[in-house]
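Visitor: First the structure, which I've put down as C-alpha cells, then a few questions once you've had a look.
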Amino acid sequence: MITRFAPSPTGRLHLGHAYSAVLGRKLGTRWLLRIEDLDPGRARPEFVDGIMEDLAWLGLAHDGAPIVQSGRTHLYAEALERLKEQGLVYPCFCTRADIAASLTAPHGDAGSAYPGTCRGLKDDPERRARVPHSWRLDSARAVEAAGGLPCWREQDGRLFEARVEMIGDAILARKDAPSSYHLACVIDDSASGVTHVVRGEDLRPSTPIQRLLQTLLDLAEPTYVHHPLVTHEDGRRLAKRDQAPTLSAMREAGVDGRALAEQLTTGFLPTGYRLSGH
Ligand code: GLU
C-alpha cells in the first residue's frame with residue numbers, strides 16, 4: 001500500500017495535518033511526502049522547512065525524496081495538452097469578479113458554480129496570446145468522453161457514484177499557476193503509484209473531478225480514505241485564520257511529538273479537540 005501526505009506550504013501545520021499524516025503513515029507500507037507548492041501567491045519555502053521540522057518532531061519518516069510539484073510542471077502541461085487534443089478543455093478569460101458577478105450560488109469546490117461564460121467561445125489564438133487566461137474542463141464533454149459519471153471506492157468498501165452537480169468546469173491551469181491542484185494531484189498520485197489517497201473529509205468534493213481526470217488520462221484508480229476532521233471541542237474547524245495552535249507552537253510549549261503521534265494513531269485526541277464528520 002502506497003500512501004502520501006500532500007501538504008501545501010502556505011502556513012504551519014496544525015493538529016489536523018498531524019492526524020492525516022499519522023493515518024497515512026500507519027496505512028502505507030510506503031508513505032510519500034508531496035509538497036503542493038503550485039500557488040505562487042501563497043506557497044513559501046520557509047513553510048516547506050516547517051513541514052520537515054514538524055514531521056521530524058512527530059517521528060514520522062517519509063519514504064524516498066519529497067515530491068515537489070513546482071519542479072514537475074512540465075508533466076502537468078503535457079497532461080493539459082492531451083486534454084486539449086481531446087477537445088475537453090477551453091480557455092477562460094473571466095476574472096474572479098466576472099465570475100462572482102454572474103453567480104447567485106456560492107463558489108463550488110470543483111468549478112460547479114461556474115456559469116460557463118467562456119464555454120463554446122470560438123477559439124481565438126490572437127486573444128489567447130494577448131489576454132491572460134485559465135483552462136477549464138468542459139465537464140459535460142468530459143463525462144461523455146469518460147463514458148459516464150465517475151465512481152470511487154472508499155477503503156471501507158463503500159462505492160460512491162458522483163452526481164452531475166458535483167462536477168463543474170473546474171480550472172485545470174491558471175493564469176498565474178501552471179496547473180491546478182486537481183490536475184497536479186492526479187498526475188502525481190499516479191506517477192508515484194499511490195494506491196490509497198488518505199485525506200480529510202473536506203477534500204471529498206475534489207474526488208469526483210479527480211476520478212474523472214484519471215479516467216480521461218488513463219491513470220490507475222486509487223482507493224480513497226476520507227477521514228474525519230480534527231476540530232475544536234465545540235466543532236469549530238482548525239483554520240489557520242482561527243489561530244489554531246500550530247504543531248510548532250505545541251512543540252515550543254513542551255509537547256512530546258512522538259507521544260502525540262502515538263496517541264493520534266490510536267484515535268485519541270488531546271484535550272480540547274475532537275474528530276468531526278464534515
Ligand atoms: N494540498 C492539499 C491540502 O493541503 C491536500 C491535497 C490532497 O491530499 O489531495 O489541503
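By order in the C-alpha cells, chains are A, B, ...; within a chain, residues start at 1; ligands start at 1, following the order shown.
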To test your reading of the structure, identify every residue in segment 31-261 of chain A that backbone DSSP assigns to alpha helix (DSSP H), and report it as a ChimeraX atom specification.
Guide: /A:45-58,73-85,96-101,125-130,139-145,181-191,207-216,247-252,257-261
Visitor: Within 8 Å of ligand 1 (counting only C-alpha atoms and all ligand atoms), which residues show up? I'd like them as a list in words.
Guide: Arg4, Phe5, Ala6, Pro7, Ser8, Pro9, Ile35, Glu36, Tyr181, Cys185, Val197, Val198, Arg199, Gly200 and Leu203 of chain A
Visitor: Enumerate the residues of segment 121-161 of chain A with a DSSP assignment of strand (DSSP E), computed from the backbone, and present them as a ChimeraX atom specification.
Guide: /A:134-137,151-153,159-161
Visitor: Print the selection's residues with N, CA, C and O atoms to a file, as a PDB file, in the first residue's frame.
Guide:
ATOM      1  N   SER A 134      -7.201  31.188 -18.029  1.00  0.00           N
ATOM      2  CA  SER A 134      -7.029  29.872 -17.413  1.00  0.00           C
ATOM      3  C   SER A 134      -7.608  28.838 -18.385  1.00  0.00           C
ATOM      4  O   SER A 134      -8.177  29.197 -19.421  1.00  0.00           O
ATOM      5  N   TRP A 135      -7.446  27.562 -18.045  1.00  0.00           N
ATOM      6  CA  TRP A 135      -8.041  26.494 -18.852  1.00  0.00           C
ATOM      7  C   TRP A 135      -9.012  25.727 -17.973  1.00  0.00           C
ATOM      8  O   TRP A 135      -8.674  25.312 -16.860  1.00  0.00           O
ATOM      9  N   ARG A 136     -10.222  25.567 -18.481  1.00  0.00           N
ATOM     10  CA  ARG A 136     -11.248  24.851 -17.719  1.00  0.00           C
ATOM     11  C   ARG A 136     -11.625  23.554 -18.413  1.00  0.00           C
ATOM     12  O   ARG A 136     -11.620  23.477 -19.644  1.00  0.00           O
ATOM     13  N   LEU A 137     -12.017  22.598 -17.590  1.00  0.00           N
ATOM     14  CA  LEU A 137     -12.542  21.343 -18.112  1.00  0.00           C
ATOM     15  C   LEU A 137     -13.946  21.593 -18.643  1.00  0.00           C
ATOM     16  O   LEU A 137     -14.764  22.231 -17.971  1.00  0.00           O
ATOM     17  N   CYS A 151     -17.088   7.058 -10.491  1.00  0.00           N
ATOM     18  CA  CYS A 151     -17.350   6.415  -9.194  1.00  0.00           C
ATOM     19  C   CYS A 151     -16.040   6.381  -8.434  1.00  0.00           C
ATOM     20  O   CYS A 151     -14.966   6.480  -9.024  1.00  0.00           O
ATOM     21  N   TRP A 152     -16.124   6.231  -7.136  1.00  0.00           N
ATOM     22  CA  TRP A 152     -14.895   5.968  -6.388  1.00  0.00           C
ATOM     23  C   TRP A 152     -15.193   5.042  -5.229  1.00  0.00           C
ATOM     24  O   TRP A 152     -16.319   4.933  -4.765  1.00  0.00           O
ATOM     25  N   ARG A 153     -14.160   4.353  -4.823  1.00  0.00           N
ATOM     26  CA  ARG A 153     -14.309   3.379  -3.750  1.00  0.00           C
ATOM     27  C   ARG A 153     -13.544   3.855  -2.526  1.00  0.00           C
ATOM     28  O   ARG A 153     -12.420   4.327  -2.635  1.00  0.00           O
ATOM     29  N   LEU A 159     -18.948   2.177  -2.170  1.00  0.00           N
ATOM     30  CA  LEU A 159     -18.737   2.678  -3.529  1.00  0.00           C
ATOM     31  C   LEU A 159     -19.619   3.917  -3.706  1.00  0.00           C
ATOM     32  O   LEU A 159     -20.812   3.889  -3.370  1.00  0.00           O
ATOM     33  N   PHE A 160     -19.054   4.989  -4.184  1.00  0.00           N
ATOM     34  CA  PHE A 160     -19.807   6.231  -4.386  1.00  0.00           C
ATOM     35  C   PHE A 160     -19.895   6.533  -5.872  1.00  0.00           C
ATOM     36  O   PHE A 160     -18.930   6.326  -6.603  1.00  0.00           O
ATOM     37  N   GLU A 161     -21.035   7.033  -6.274  1.00  0.00           N
ATOM     38  CA  GLU A 161     -21.145   7.492  -7.657  1.00  0.00           C
ATOM     39  C   GLU A 161     -21.377   8.993  -7.620  1.00  0.00           C
ATOM     40  O   GLU A 161     -22.213   9.490  -6.861  1.00  0.00           O
TER      41      GLU A 161
END
Visitor: Counting only C-alpha atoms, figure out which residue out of A:Leu269, A:Ala56, A:Val194, A:Val255 gets nearest to Thr231 of chain A.
Guide: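 So, comparing all the options, the nearest one is A:Leu269.
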Visitor: May I have the residues within 8 Å of Pro245 of chain A as a PyMOL selection string, using only C-alpha atoms and disregarding those fewer than 2 positions away in the same chain?
Guide: chain A and resi 14-15+243+247+249-250
Visitor: Kindly indicate which residue among A:Leu216, A:Ala259, A:Leu238, A:Ala173 lies nearest to Val143 of chain A, using only C-alpha atoms for the distances.
Guide: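 When distances to Val143 of chain A are compared using only C-alpha atoms, the smallest one comes from A:Leu216.
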Visitor: Rank A:Leu264, A:Thr117, A:Ala79, A:Asp202 by their smallest atom-to-atom distance to Asp218 of chain A, using only C-alpha atoms, and report the top residue only.
Guide: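 Counting only C-alpha atoms, the residue closest to Asp218 of chain A is A:Ala79.
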Visitor: Atom CA of Phe268 of chain A and atom CA of Thr246 of chain A, how far apart in Å?
Guide: 18.0 Å
Visitor: Using only C-alpha atoms, find the one residue out of A:Ala145, A:Leu217, A:Leu172, A:Leu55 that sits nearest to Gly87 of chain A.
Guide: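 Nearest candidate to Gly87 of chain A out of A:Ala145, A:Leu217, A:Leu172, A:Leu55: A:Ala145.
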